[in-house]
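Just protein38.cif here, mmCIF, C-alpha atoms:
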data_input
#
loop_
_atom_site.label_atom_id
_atom_site.label_comp_id
_atom_site.auth_asym_id
_atom_site.auth_seq_id
_atom_site.Cartn_x
_atom_site.Cartn_y
_atom_site.Cartn_z
CA MET A 1 0.00 0.00 0.00
CA ALA A 2 2.80 2.42 0.91
CA ARG A 3 4.58 1.70 -2.39
CA ALA A 4 1.41 2.39 -4.35
CA LEU A 5 0.94 5.72 -2.58
CA ALA A 6 4.58 6.64 -3.15
CA GLN A 7 4.24 5.73 -6.84
CA GLU A 8 1.10 7.86 -7.15
CA ALA A 9 2.90 10.77 -5.50
CA ARG A 10 5.81 10.42 -7.96
CA VAL A 11 3.42 10.33 -10.93
CA ALA A 12 1.56 13.38 -9.63
CA GLN A 13 4.86 15.26 -9.24
CA LEU A 14 5.96 14.29 -12.76
CA GLN A 15 2.64 15.50 -14.15
CA SER A 16 2.95 18.76 -12.26
CA ASP A 17 6.50 19.27 -13.51
CA PHE A 18 5.42 18.48 -17.07
CA VAL A 19 2.58 21.01 -16.98
CA ALA A 20 4.91 23.67 -15.57
CA ALA A 21 7.51 23.02 -18.27
CA VAL A 22 4.94 23.06 -21.07
CA SER A 23 3.38 26.25 -19.72
CA HIS A 24 6.77 27.96 -19.67
CA GLU A 25 7.57 26.78 -23.20
CA PHE A 26 4.30 28.29 -24.46
CA ARG A 27 4.54 31.55 -22.50
CA SER A 28 7.95 32.56 -23.83
CA PRO A 29 7.09 32.78 -27.53
CA LEU A 30 3.60 34.10 -26.79
CA THR A 31 5.06 36.99 -24.78
CA THR A 32 7.44 37.88 -27.59
CA MET A 33 4.68 37.66 -30.18
CA ARG A 34 2.30 39.80 -28.17
CA GLN A 35 4.86 42.54 -27.55
CA MET A 36 5.96 42.70 -31.18
CA ALA A 37 2.40 42.53 -32.52
CA GLU A 38 1.32 45.37 -30.21
CA MET A 39 4.26 47.50 -31.31
CA LEU A 40 3.47 46.86 -34.97
CA ASP A 41 -0.25 47.48 -34.41
CA THR A 42 0.34 50.83 -32.73
CA ASP A 43 2.90 51.98 -35.33
CA ARG A 44 5.69 52.14 -32.75
CA VAL A 45 8.14 50.60 -35.24
CA PRO A 46 8.78 53.42 -37.70
CA ASP A 47 11.67 51.83 -39.56
CA GLN A 48 10.65 49.52 -42.43
CA SER A 49 13.69 47.25 -41.99
CA ARG A 50 12.91 46.90 -38.28
CA ARG A 51 9.27 46.02 -39.09
CA LYS A 52 10.46 43.30 -41.46
CA GLN A 53 12.72 41.97 -38.70
CA TYR A 54 9.76 41.89 -36.29
CA TYR A 55 7.66 40.02 -38.84
CA ARG A 56 10.46 37.47 -39.28
CA VAL A 57 10.66 36.98 -35.52
CA LEU A 58 6.87 36.57 -35.36
CA VAL A 59 6.96 33.90 -38.08
CA GLY A 60 9.76 32.13 -36.21
CA GLU A 61 7.85 32.18 -32.92
CA VAL A 62 4.68 30.91 -34.59
CA THR A 63 6.72 28.07 -36.10
CA ARG A 64 8.18 27.34 -32.67
CA LEU A 65 4.71 27.19 -31.10
CA GLN A 66 3.47 24.98 -33.92
CA ARG A 67 6.31 22.51 -33.27
CA LEU A 68 5.55 22.54 -29.54
CA VAL A 69 1.87 21.80 -30.15
CA GLU A 70 2.72 19.01 -32.59
CA ARG A 71 5.13 17.43 -30.08
CA LEU A 72 2.56 17.71 -27.33
CA LEU A 73 -0.08 16.06 -29.51
CA ASP A 74 2.39 13.32 -30.49
CA PHE A 75 3.13 12.76 -26.82
CA GLY A 76 -0.58 12.54 -26.05
CA ARG A 77 -1.09 10.00 -28.81
CA MET A 78 1.83 7.90 -27.56
CA GLU A 79 0.44 8.02 -24.02
CA ALA A 80 -3.00 6.97 -25.25
CA GLU A 81 -1.50 4.02 -27.13
CA THR A 82 0.32 2.74 -24.02
CA ARG A 83 -2.88 2.64 -21.96
#
Let's see the structure in the file written out as structure tokens.
Amino acid sequence: MARALAQEARVAQLQSDFVAAVSHEFRSPLTTMRQMAEMLDTDRVPDQSRRKQYYRVLVGEVTRLQRLVERLLDFGRMEAETR
């Protein structure tokens, strides 16, 4: 009984750690995207070359988020298959 409870506690901690890590991985690019999008939306980036740079960063961050979501979905599918 004690082993089962300890195992459940370990699984709960792993799940908590996983959620925290995933949350952090999503927040970072979202913060960058929001800041740059707000600056572009309010015309606070007067230089055309700088705007192009911001758009490139936005595309890169969207791609990063897309990869994260795909990996998370792949992980979920793998987990579902093992059950």
For this session: Kindly indicate which residue among A:Gln15, A:Val62, A:Gln48, A:Ala6 lies nearest to A:Thr32, using only C-alpha atoms for the distances.
Result: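 Using only C-alpha atoms, A:Thr32 sits closest to A:Val62.
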Sorted by chain and rising residue number, which residues of stretch 28-83 of chain A lie within 12 Å of stretch 17-22 of chain A, and what are their closest atom pairs and distances in Å to one decimal, counting all atoms listed in the file, as a Markdown table?
| residue | atom | partner | partner_atom | distance |
| --- | --- | --- | --- | --- |
| A:Ser28 | CA | A:Val22 | CA | 10.3 |
| A:Pro29 | CA | A:Val22 | CA | 11.9 |
| A:Leu65 | CA | A:Val22 | CA | 10.8 |
| A:Leu68 | CA | A:Val22 | CA | 8.5 |
| A:Val69 | CA | A:Val22 | CA | 9.7 |
| A:Arg71 | CA | A:Val22 | CA | 10.6 |
| A:Leu72 | CA | A:Val22 | CA | 8.6 |
| A:Phe75 | CA | A:Phe18 | CA | 11.5 |
For this session: Work out how far apart atom CA of A:Ala12 and atom CA of A:Phe26 are and give it in Å to one decimal.
Result: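 Between atom CA of A:Ala12 and atom CA of A:Phe26 the gap works out to 21.2 Å.
Comparing the minimum interatomic distances between A:Arg67 and each of A:Arg3, A:Ser49, A:Met39, A:Glu25, counting all atoms listed in the file, we find that A:Glu25 sits nearest.
Counting from atom CA of A:Leu40, the distance to atom CA of A:Tyr54 is 8.1 Å.
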Problem set entry | Atomic distance atom CA of A:Met36 - atom CA of A:Val57, expressed in Å with one decimal | 8.6 Å
Seminar exercise, completed: In terms of all atoms listed in the file, the residue from A:Met1, A:Leu14, A:Arg51, A:Ala9 at minimal distance from A:Glu38 is A:Arg51
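With only C-alpha atoms as the atoms that count, the residue of A:Gly76, A:Met33, A:Arg44, A:Glu81 with the shortest distance to A:Thr63 is A:Met33.
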